[in-house]
file run-v5.cif (mmCIF, C-alpha atoms (C1' of nucleotides))
data_target
loop_
_atom_site.group_PDB
_atom_site.id
_atom_site.type_symbol
_atom_site.label_atom_id
_atom_site.label_comp_id
_atom_site.auth_asym_id
_atom_site.auth_seq_id
_atom_site.Cartn_x
_atom_site.Cartn_y
_atom_site.Cartn_z
ATOM 1 C CA MET P 405 1.432 15.840 -7.822
ATOM 2 C CA GLU P 406 -1.703 16.902 -9.460
ATOM 3 C CA SER P 407 -4.926 16.315 -7.605
ATOM 4 C CA VAL P 408 -5.975 18.193 -4.526
ATOM 5 C CA PHE P 409 -6.462 14.881 -2.784
ATOM 6 C CA GLU P 410 -2.843 13.956 -3.067
ATOM 7 C CA ILE P 411 -1.967 17.302 -1.598
ATOM 8 C CA ILE P 412 -3.996 16.859 1.554
ATOM 9 C CA ALA P 413 -2.920 13.259 1.891
ATOM 10 C CA GLU P 414 0.224 14.500 3.585
ATOM 11 C CA PRO P 415 -0.256 14.871 7.357
ATOM 12 C CA ASN P 416 2.101 17.808 7.692
ATOM 13 C CA ARG P 417 0.304 19.698 4.990
ATOM 14 C CA ARG P 418 -3.011 19.107 6.672
ATOM 15 C CA ALA P 419 -1.483 20.359 9.888
ATOM 16 C CA ILE P 420 -0.335 23.515 8.161
ATOM 17 C CA LEU P 421 -3.750 24.096 6.673
ATOM 18 C CA SER P 422 -5.430 23.562 10.013
ATOM 19 C CA LEU P 423 -3.019 26.003 11.544
ATOM 20 C CA LEU P 424 -3.837 28.648 8.988
ATOM 21 C CA VAL P 425 -7.537 28.470 9.699
ATOM 22 C CA SER P 426 -7.137 30.655 12.753
ATOM 23 C CA SER P 427 -5.048 33.308 11.062
ATOM 24 C CA GLN P 428 -2.213 33.865 8.657
ATOM 25 C CA GLN P 429 1.226 32.769 9.785
ATOM 26 C CA SER P 430 4.825 33.255 8.809
ATOM 27 C CA VAL P 431 7.029 30.318 7.941
ATOM 28 C CA GLY P 432 8.887 30.650 11.218
ATOM 29 C CA GLU P 433 5.689 30.594 13.226
ATOM 30 C CA ILE P 434 4.524 27.484 11.465
ATOM 31 C CA GLU P 435 7.918 25.944 11.950
ATOM 32 C CA ARG P 436 7.802 26.501 15.683
ATOM 33 C CA GLN P 437 4.194 25.589 16.334
ATOM 34 C CA LEU P 438 4.351 22.378 14.352
ATOM 35 C CA ARG P 439 7.895 21.553 15.384
ATOM 36 C CA MET P 440 9.102 20.657 11.949
ATOM 37 C CA PRO P 441 12.339 21.674 10.263
ATOM 38 C CA GLN P 442 12.202 24.834 8.210
ATOM 39 C CA PRO P 443 12.979 23.276 4.816
ATOM 40 C CA THR P 444 10.137 20.874 5.347
ATOM 41 C CA VAL P 445 7.747 23.717 6.039
ATOM 42 C CA SER P 446 8.915 25.682 3.032
ATOM 43 C CA LYS P 447 8.630 22.741 0.739
ATOM 44 C CA HIS P 448 5.127 21.870 1.863
ATOM 45 C CA LEU P 449 4.098 25.486 1.581
ATOM 46 C CA ARG P 450 5.364 25.539 -1.946
ATOM 47 C CA VAL P 451 3.252 22.537 -2.799
ATOM 48 C CA LEU P 452 0.236 24.049 -1.107
ATOM 49 C CA ARG P 453 0.710 27.341 -2.897
ATOM 50 C CA GLU P 454 1.121 25.806 -6.319
ATOM 51 C CA ALA P 455 -1.975 23.731 -5.682
ATOM 52 C CA GLY P 456 -3.981 26.807 -4.751
ATOM 53 C CA PHE P 457 -4.513 26.026 -1.092
ATOM 54 C CA VAL P 458 -2.626 29.031 0.196
ATOM 55 C CA GLU P 459 -1.218 32.313 -0.943
ATOM 56 C CA SER P 460 1.590 34.404 0.466
ATOM 57 C CA THR P 461 2.434 38.044 0.882
ATOM 58 C CA VAL P 462 5.826 39.473 1.621
ATOM 59 C CA ASP P 463 6.538 41.228 4.894
ATOM 60 C CA ALA P 464 10.219 42.181 4.908
ATOM 61 C CA GLN P 465 12.112 38.917 5.130
ATOM 62 C CA ARG P 466 9.012 37.106 6.227
ATOM 63 C CA ARG P 467 6.411 35.518 4.088
ATOM 64 C CA LEU P 468 2.925 35.455 5.453
ATOM 65 C CA TYR P 469 0.816 32.559 4.315
ATOM 66 C CA ARG P 470 -2.951 32.467 4.391
ATOM 67 C CA LEU P 471 -5.653 30.114 3.227
ATOM 68 C CA LYS P 472 -7.301 30.278 -0.138
ATOM 69 C CA PRO P 473 -10.689 28.539 -0.456
ATOM 70 C CA GLU P 474 -10.519 27.255 -4.015
ATOM 71 C CA SER P 475 -8.875 23.922 -3.654
ATOM 72 C CA LEU P 476 -10.523 22.788 -0.485
ATOM 73 C CA LEU P 477 -13.804 23.664 -2.074
ATOM 74 C CA GLU P 478 -12.905 21.204 -4.759
ATOM 75 C CA VAL P 479 -12.632 18.512 -2.138
ATOM 76 C CA ASP P 480 -15.885 19.653 -0.655
ATOM 77 C CA ALA P 481 -17.517 19.465 -4.051
ATOM 78 C CA TRP P 482 -16.362 15.915 -4.554
ATOM 79 C CA LEU P 483 -18.005 14.930 -1.304
ATOM 80 C CA ALA P 484 -21.365 16.321 -2.328
ATOM 81 C CA PRO P 485 -22.750 13.182 -4.017
ATOM 82 C CA PHE P 486 -21.863 11.155 -0.964
ATOM 83 C CA ARG P 487 -23.647 13.544 1.326
ATOM 84 C CA ARG P 488 -26.758 12.987 -0.719
ATOM 85 C CA PHE P 489 -26.155 9.281 -0.337
ATOM 86 C CA TRP P 490 -25.914 9.626 3.408
ATOM 87 C CA SER P 491 -29.088 11.604 3.772
ATOM 88 C CA ALA P 492 -30.826 8.756 2.029
ATOM 89 C CA HIS P 493 -29.607 6.443 4.782
ATOM 90 C CA VAL P 494 -30.058 8.679 7.757
ATOM 91 C CA ASP P 495 -30.908 5.903 10.159
ATOM 92 C CA ALA P 496 -27.681 4.015 9.747
ATOM 93 C CA LEU P 497 -25.911 7.318 9.547
ATOM 94 C CA GLU P 498 -26.912 8.424 13.002
ATOM 95 C CA ARG P 499 -25.151 5.570 14.641
ATOM 96 C CA HIS P 500 -21.942 6.411 12.889
ATOM 97 C CA LEU P 501 -22.202 10.007 13.880
ATOM 98 C CA ASP P 502 -22.463 8.999 17.493
ATOM 99 C CA ARG P 503 -19.390 6.866 17.251
ATOM 100 C CA MET P 504 -17.479 9.517 15.384
ATOM 101 C CA GLU P 505 -18.128 12.015 18.093
ATOM 102 C CA GLN P 506 -15.917 10.028 20.411
ATOM 103 C CA VAL P 507 -13.267 9.450 17.814
ATOM 104 C CA THR P 508 -13.004 13.068 16.828
ATOM 105 C CA GLN P 509 -12.479 14.052 20.408
ATOM 106 C CA THR P 510 -9.914 11.427 21.280
ATOM 107 C CA LYS P 511 -8.012 11.878 18.066
ATOM 108 C CA LYS P 512 -5.768 14.593 19.333
ATOM 109 C CA LYS P 513 -2.031 14.405 18.989
ATOM 110 C CA ALA P 514 -1.306 13.137 22.479
ATOM 111 C CA ARG P 515 -4.220 10.855 22.673
ATOM 112 C CA ARG P 516 -5.292 9.963 26.116
ATOM 113 C CA ARG P 517 -6.949 6.707 26.816
ATOM 114 C CA ARG P 518 -9.877 7.342 29.020
ATOM 115 C CA ARG P 519 -10.796 3.739 29.310
ATOM 116 C CA GLY P 520 -8.847 2.076 32.077
ATOM 117 C CA PRO P 521 -5.583 2.980 33.829
ATOM 118 C CA ASN P 522 -3.155 1.293 31.459
ATOM 119 C CA ARG P 523 -1.946 3.409 28.604
ATOM 120 C CA LYS P 524 -1.643 1.341 25.552
ATOM 121 C CA ARG P 525 0.642 2.153 22.722
ATOM 122 C CA ASP P 526 -1.469 3.126 19.778
ATOM 123 C CA LYS P 527 -0.327 2.460 16.313
ATOM 124 C CA GLY P 528 2.866 4.095 15.304
ATOM 125 C CA GLU P 529 2.844 7.095 13.079
ATOM 126 C CA THR P 530 4.346 6.972 9.629
ATOM 127 C CA LYS P 531 7.706 5.275 9.673
ATOM 128 C CA MET S 297 -1.621 3.345 4.820
ATOM 129 C CA GLU S 298 -3.409 4.780 7.723
ATOM 130 C CA SER S 299 -5.272 7.990 7.131
ATOM 131 C CA VAL S 300 -8.473 8.231 5.155
ATOM 132 C CA PHE S 301 -6.888 10.983 3.114
ATOM 133 C CA GLU S 302 -4.213 8.720 1.740
ATOM 134 C CA ILE S 303 -6.910 6.290 0.754
ATOM 135 C CA ILE S 304 -8.854 8.729 -1.358
ATOM 136 C CA ALA S 305 -5.675 10.182 -2.810
ATOM 137 C CA GLU S 306 -5.719 7.367 -5.332
ATOM 138 C CA PRO S 307 -7.761 8.274 -8.432
ATOM 139 C CA ASN S 308 -8.963 4.739 -9.088
ATOM 140 C CA ARG S 309 -10.216 4.408 -5.555
ATOM 141 C CA ARG S 310 -12.126 7.649 -5.852
ATOM 142 C CA ALA S 311 -13.594 6.362 -9.095
ATOM 143 C CA ILE S 312 -14.724 3.199 -7.363
ATOM 144 C CA LEU S 313 -16.313 5.161 -4.551
ATOM 145 C CA SER S 314 -18.095 7.433 -6.993
ATOM 146 C CA LEU S 315 -19.341 4.416 -8.811
ATOM 147 C CA LEU S 316 -20.762 2.908 -5.660
ATOM 148 C CA VAL S 317 -22.782 5.998 -4.868
ATOM 149 C CA SER S 318 -25.461 4.968 -7.312
ATOM 150 C CA SER S 319 -25.748 1.402 -6.076
ATOM 151 C CA GLN S 320 -23.797 -1.596 -4.933
ATOM 152 C CA GLN S 321 -21.664 -3.328 -7.528
ATOM 153 C CA SER S 322 -19.811 -6.569 -7.977
ATOM 154 C CA VAL S 323 -16.102 -6.645 -8.678
ATOM 155 C CA GLY S 324 -16.723 -7.617 -12.268
ATOM 156 C CA GLU S 325 -19.106 -4.744 -12.827
ATOM 157 C CA ILE S 326 -16.615 -2.296 -11.426
ATOM 158 C CA GLU S 327 -13.916 -3.867 -13.526
ATOM 159 C CA ARG S 328 -15.893 -3.368 -16.699
ATOM 160 C CA GLN S 329 -17.273 0.079 -16.046
ATOM 161 C CA LEU S 330 -13.959 1.530 -14.987
ATOM 162 C CA ARG S 331 -11.958 -0.484 -17.486
ATOM 163 C CA MET S 332 -9.295 -1.535 -15.075
ATOM 164 C CA PRO S 333 -7.738 -4.972 -14.641
ATOM 165 C CA GLN S 334 -9.387 -7.197 -12.092
ATOM 166 C CA PRO S 335 -6.462 -7.530 -9.671
ATOM 167 C CA THR S 336 -6.286 -3.779 -9.525
ATOM 168 C CA VAL S 337 -9.940 -3.543 -8.615
ATOM 169 C CA SER S 338 -9.665 -6.238 -5.977
ATOM 170 C CA LYS S 339 -6.660 -4.689 -4.386
ATOM 171 C CA HIS S 340 -8.188 -1.257 -4.210
ATOM 172 C CA LEU S 341 -11.356 -2.727 -2.807
ATOM 173 C CA ARG S 342 -9.339 -4.425 -0.147
ATOM 174 C CA VAL S 343 -7.787 -1.137 0.843
ATOM 175 C CA LEU S 344 -11.152 0.585 0.820
ATOM 176 C CA ARG S 345 -12.711 -2.147 2.897
ATOM 177 C CA GLU S 346 -9.972 -2.195 5.501
ATOM 178 C CA ALA S 347 -10.215 1.561 5.722
ATOM 179 C CA GLY S 348 -13.937 1.399 6.312
ATOM 180 C CA PHE S 349 -15.069 3.024 3.087
ATOM 181 C CA VAL S 350 -16.919 0.003 1.793
ATOM 182 C CA GLU S 351 -18.277 -3.314 2.931
ATOM 183 C CA SER S 352 -18.999 -6.452 1.000
ATOM 184 C CA THR S 353 -21.522 -9.226 1.044
ATOM 185 C CA VAL S 354 -21.197 -12.555 -0.641
ATOM 186 C CA ASP S 355 -23.482 -13.511 -3.490
ATOM 187 C CA ALA S 356 -22.357 -16.924 -4.711
ATOM 188 C CA GLN S 357 -18.986 -16.363 -6.369
ATOM 189 C CA ARG S 358 -19.598 -12.661 -6.512
ATOM 190 C CA ARG S 359 -18.847 -10.113 -3.912
ATOM 191 C CA LEU S 360 -21.123 -7.125 -3.763
ATOM 192 C CA TYR S 361 -19.514 -3.971 -2.519
ATOM 193 C CA ARG S 362 -21.372 -1.006 -1.121
ATOM 194 C CA LEU S 363 -20.492 2.259 0.517
ATOM 195 C CA LYS S 364 -20.105 2.744 4.229
ATOM 196 C CA PRO S 365 -20.386 6.319 5.513
ATOM 197 C CA GLU S 366 -17.861 6.282 8.361
ATOM 198 C CA SER S 367 -14.656 7.122 6.679
ATOM 199 C CA LEU S 368 -15.880 9.711 4.249
ATOM 200 C CA LEU S 369 -17.586 11.373 7.168
ATOM 201 C CA GLU S 370 -14.179 11.654 8.709
ATOM 202 C CA VAL S 371 -13.035 13.613 5.694
ATOM 203 C CA ASP S 372 -16.142 15.697 5.888
ATOM 204 C CA ALA S 373 -15.491 16.381 9.545
ATOM 205 C CA TRP S 374 -11.991 17.577 8.818
ATOM 206 C CA LEU S 375 -13.364 20.080 6.367
ATOM 207 C CA ALA S 376 -15.731 21.590 8.915
ATOM 208 C CA PRO S 377 -13.341 24.222 10.347
ATOM 209 C CA PHE S 378 -12.552 25.405 6.859
ATOM 210 C CA ARG S 379 -16.192 25.792 6.011
ATOM 211 C CA ARG S 380 -16.522 28.071 8.961
ATOM 212 C CA PHE S 381 -13.535 29.966 7.666
ATOM 213 C CA TRP S 382 -15.155 30.355 4.296
ATOM 214 C CA SER S 383 -18.415 31.659 5.653
ATOM 215 C CA ALA S 384 -16.386 34.324 7.396
ATOM 216 C CA HIS S 385 -15.044 35.411 4.028
ATOM 217 C CA VAL S 386 -18.162 35.050 1.997
ATOM 218 C CA ASP S 387 -17.374 37.851 -0.403
ATOM 219 C CA ALA S 388 -14.107 36.404 -1.594
ATOM 220 C CA LEU S 389 -15.775 33.042 -1.513
ATOM 221 C CA GLU S 390 -18.469 33.992 -3.940
ATOM 222 C CA ARG S 391 -15.982 34.794 -6.628
ATOM 223 C CA HIS S 392 -14.439 31.395 -6.280
ATOM 224 C CA LEU S 393 -17.792 29.727 -6.393
ATOM 225 C CA ASP S 394 -18.557 31.502 -9.602
ATOM 226 C CA ARG S 395 -15.347 30.354 -11.131
ATOM 227 C CA MET S 396 -15.912 26.861 -9.945
ATOM 228 C CA GLU S 397 -19.320 26.869 -11.490
ATOM 229 C CA GLN S 398 -17.764 27.031 -14.913
ATOM 230 C CA VAL S 399 -15.280 24.349 -14.162
ATOM 231 C CA THR S 400 -17.683 22.008 -12.489
ATOM 232 C CA GLN S 401 -20.246 22.800 -15.143
ATOM 233 C CA THR S 402 -23.375 22.536 -13.093
ATOM 234 C CA LYS S 403 -26.525 21.887 -14.973
ATOM 235 C CA LYS S 404 -29.046 24.503 -14.075
ATOM 236 C CA LYS S 405 -29.165 24.665 -10.317
ATOM 237 C CA ALA S 406 -28.015 28.226 -10.699
ATOM 238 C CA ARG S 407 -26.817 30.069 -7.689
ATOM 239 C CA ARG S 408 -27.914 33.610 -7.630
ATOM 240 C CA ARG S 409 -25.344 36.256 -7.249
ATOM 241 C CA ARG S 410 -26.546 38.427 -4.436
ATOM 242 C CA ARG S 411 -24.700 41.562 -3.637
ATOM 243 C CA GLY S 412 -25.784 42.798 -0.298
ATOM 244 C CA PRO S 413 -25.553 42.435 3.435
ATOM 245 C CA ASN S 414 -26.972 39.655 5.475
ATOM 246 C CA ARG S 415 -26.335 36.824 3.097
ATOM 247 C CA LYS S 416 -27.412 33.342 3.791
ATOM 248 C CA ARG S 417 -25.967 30.232 2.263
ATOM 249 C CA ASP S 418 -28.073 28.260 -0.120
ATOM 250 C CA LYS S 419 -26.067 25.093 -0.367
ATOM 251 C CA GLY S 420 -23.520 23.243 1.678
ATOM 252 C CA GLU S 421 -25.217 23.510 4.991
ATOM 253 C CA THR S 422 -22.943 23.437 7.983
ATOM 254 C CA LYS S 423 -24.433 20.453 9.711
ATOM 255 C "C1'" DG Q 417 30.348 46.611 3.106
ATOM 256 C "C1'" DC Q 418 29.478 42.694 6.703
ATOM 257 C "C1'" DT Q 419 26.557 39.945 9.915
ATOM 258 C "C1'" DG Q 420 22.597 37.788 11.366
ATOM 259 C "C1'" DT Q 421 18.022 36.325 10.280
ATOM 260 C "C1'" DA Q 422 14.249 34.458 7.322
ATOM 261 C "C1'" DT Q 423 12.976 31.686 3.624
ATOM 262 C "C1'" DA Q 424 13.802 29.024 -0.488
ATOM 263 C "C1'" DT Q 425 16.033 25.476 -3.166
ATOM 264 C "C1'" DA Q 426 19.373 21.519 -4.645
ATOM 265 C "C1'" DC Q 427 20.926 17.006 -4.018
ATOM 266 C "C1'" DC Q 428 20.672 12.492 -2.239
ATOM 267 C "C1'" DT Q 429 18.678 8.581 -0.103
ATOM 268 C "C1'" DT Q 430 14.985 5.826 1.317
ATOM 269 C "C1'" DG Q 431 10.661 3.818 1.487
ATOM 270 C "C1'" DA Q 432 5.974 3.227 0.056
ATOM 271 C "C1'" DC Q 433 2.733 2.029 -3.196
ATOM 272 C "C1'" DA Q 434 0.597 1.215 -7.672
ATOM 273 C "C1'" DC Q 435 0.904 -1.784 -11.504
ATOM 274 C "C1'" DG Q 436 1.408 -6.116 -14.234
ATOM 275 C "C1'" DT Q 437 1.743 -10.953 -14.431
ATOM 276 C "C1'" DA Q 438 1.029 -15.118 -12.574
ATOM 277 C "C1'" DT Q 439 -1.195 -17.999 -9.460
ATOM 278 C "C1'" DA Q 440 -4.263 -19.351 -5.659
ATOM 279 C "C1'" DT Q 441 -8.801 -19.779 -3.536
ATOM 280 C "C1'" DG Q 442 -13.619 -20.501 -3.807
ATOM 281 C "C1'" DC Q 443 -18.038 -21.232 -5.798
ATOM 282 C "C1'" DT Q 444 -21.434 -23.323 -9.374
ATOM 283 C "C1'" DC Q 445 -22.949 -26.499 -12.418
ATOM 284 C "C1'" DT Q 446 -22.875 -30.716 -14.920
ATOM 285 C "C1'" DA T 142 -14.710 -34.965 -9.712
ATOM 286 C "C1'" DG T 143 -13.684 -31.705 -13.172
ATOM 287 C "C1'" DA T 144 -14.433 -27.423 -15.909
ATOM 288 C "C1'" DG T 145 -15.203 -22.691 -15.813
ATOM 289 C "C1'" DC T 146 -16.023 -18.435 -13.810
ATOM 290 C "C1'" DA T 147 -15.325 -14.780 -10.101
ATOM 291 C "C1'" DT T 148 -12.357 -12.891 -6.869
ATOM 292 C "C1'" DA T 149 -8.268 -12.674 -4.068
ATOM 293 C "C1'" DT T 150 -3.363 -12.741 -3.284
ATOM 294 C "C1'" DA T 151 1.919 -13.223 -4.085
ATOM 295 C "C1'" DC T 152 5.854 -11.506 -6.252
ATOM 296 C "C1'" DG T 153 8.909 -8.520 -8.790
ATOM 297 C "C1'" DT T 154 9.546 -3.859 -10.618
ATOM 298 C "C1'" DG T 155 9.545 1.052 -11.346
ATOM 299 C "C1'" DT T 156 8.263 5.466 -9.913
ATOM 300 C "C1'" DC T 157 7.672 9.214 -7.096
ATOM 301 C "C1'" DA T 158 7.489 11.860 -3.140
ATOM 302 C "C1'" DA T 159 9.068 12.993 1.680
ATOM 303 C "C1'" DG T 160 12.955 13.797 4.784
ATOM 304 C "C1'" DG T 161 17.593 15.354 5.849
ATOM 305 C "C1'" DT T 162 21.564 18.102 5.066
ATOM 306 C "C1'" DA T 163 23.737 21.628 2.927
ATOM 307 C "C1'" DT T 164 23.587 25.756 0.527
ATOM 308 C "C1'" DA T 165 21.572 29.734 -1.910
ATOM 309 C "C1'" DT T 166 18.833 33.991 -2.039
ATOM 310 C "C1'" DA T 167 16.920 38.048 0.132
ATOM 311 C "C1'" DC T 168 16.331 41.485 3.493
ATOM 312 C "C1'" DA T 169 17.448 44.371 7.958
ATOM 313 C "C1'" DG T 170 20.581 46.700 10.825
ATOM 314 C "C1'" DC T 171 24.989 48.320 11.986
#
call {"tool": "encode", "arguments": {"input": "run-v5.cif", "output": "structure tokens"}}
result
Amino acid sequence: MESVFEIIAEPNRRAILSLLVSSQQSVGEIERQLRMPQPTVSKHLRVLREAGFVESTVDAQRRLYRLKPESLLEVDAWLAPFRRFWSAHVDALERHLDRMEQVTQTKKKARRRRRGPNRKRDKGETK
Amino acid sequence: MESVFEIIAEPNRRAILSLLVSSQQSVGEIERQLRMPQPTVSKHLRVLREAGFVESTVDAQRRLYRLKPESLLEVDAWLAPFRRFWSAHVDALERHLDRMEQVTQTKKKARRRRRGPNRKRDKGETK
DNA sequence: GCTGTATATACCTTGACACGTATATGCTCT
DNA sequence: AGAGCATATACGTGTCAAGGTATATACAGC
């Protein structure tokens, strides 16, 4: 497990990171909000910490985890050349942005289908 | 293989994408430049295509692959909340940027180190 | 000390995926 | 049609990481 990309490939880890954007959280809080077993949380936090995504401070028995910018900045840096590429193709880009606006909104956990009365089963999650 | 993050977790796929930033390439060109066996290239291209990162056009026996913005924009969109987080912690951020500068080894587009209130970002605009 | 709570780690199993090799498909030209 | 090139796919294999369960460490309060 070396690259930052492999780290954020894991959905649970991304969820943890997204959770930490608002404020720092203890393991137990993460565990409850994300509804995942405690060992899972701890293990992912370990990975995230060793990869430089988060850091922790001790508060009695609790450990408070907070974001660290480094590693995500690395991802951001990798995207830079592509952003330049996109700005060169702004016209075609605009269309995609419009379509993404819908996707980003509907991509919540309990996705609701706004089109029609029948709820369709969307593709199963991992496993 | 569902999420865009799992797609770009693979180093070879990232290499292919980076290669396509400059211009479209045929499978054989990718194969030679990246020095990877042809079936490997084809398979990764298949994954990238099905995930919306690239598209291909036919040129006789060759297939020309080029970038498509969609999916990388999805990655970019996920990073947005974190960028906001960083701008809220600009001071700590600056240190990291400085350290990254050495690692990334930028040419001469030197960022100036400004110590003072009311800072404004000079790169990485937030949309 | 003991008990309960909070977090970390060890062990095992399972499944996914990347790779290599071989082969198939498809196109061009003679 | 056949040869040769360019690309795609099928199959078998090994590796590695994620999940689950159980247990270990650490701290607080009594």
call {"tool": "atom_distance", "arguments": {"input": "run-v5.cif", "atom1": "atom CA of Leu330 of chain S", "atom2": "atom CA of Leu313 of chain S"}}
result
11.3 Å
call {"tool": "resolve_selection", "arguments": {"input": "run-v5.cif", "expression": "the PyMOL selection byres ((chain P) within 12 of (chain T))", "output": "PyMOL selection string"}}
result
chain P and resi 405+410-411+413-417+440-445+447-448+451+462-467+530-531
call {"tool": "calpha_fit_rmsd", "arguments": {"input": "run-v5.cif", "fixed": "chain P", "moving": "chain S"}}
result
10.5 Å
call {"tool": "atom_distance", "arguments": {"input": "run-v5.cif", "atom1": "atom CA of Val317 of chain S", "atom2": "atom CA of Pro485 of chain P"}}
result
7.2 Å
call {"tool": "interface_residues", "arguments": {"input": "run-v5.cif", "of": "chain Q", "to": "chain S", "cutoff": "8 Å", "atoms": "only C-alpha atoms (C1' of nucleotides)", "output": "number ranges by chain"}}
result
Q: 435, 442-444
call {"tool": "resolve_selection", "arguments": {"input": "run-v5.cif", "expression": "the PyMOL selection byres ((chain P) within 8 of (chain S))", "output": "PyMOL selection string"}}
result
chain P and resi 407+409-410+412-414+422+425+473-474+476+480+483+485-486+489-490+497+500-501+504
call {"tool": "atom_distance", "arguments": {"input": "run-v5.cif", "atom1": "atom CA of Ser352 of chain S", "atom2": "atom CA of Ala311 of chain S"}}
result
17.2 Å
call {"tool": "axis_aligned_box", "arguments": {"input": "run-v5.cif", "around": "segment 461-476 of chain P", "padding_each_side": "5 Å", "output": "JSON"}}
result
{"center_x": 0.7, "center_y": 32.5, "center_z": 1.1, "size_x": 32.8, "size_y": 29.4, "size_z": 20.2}
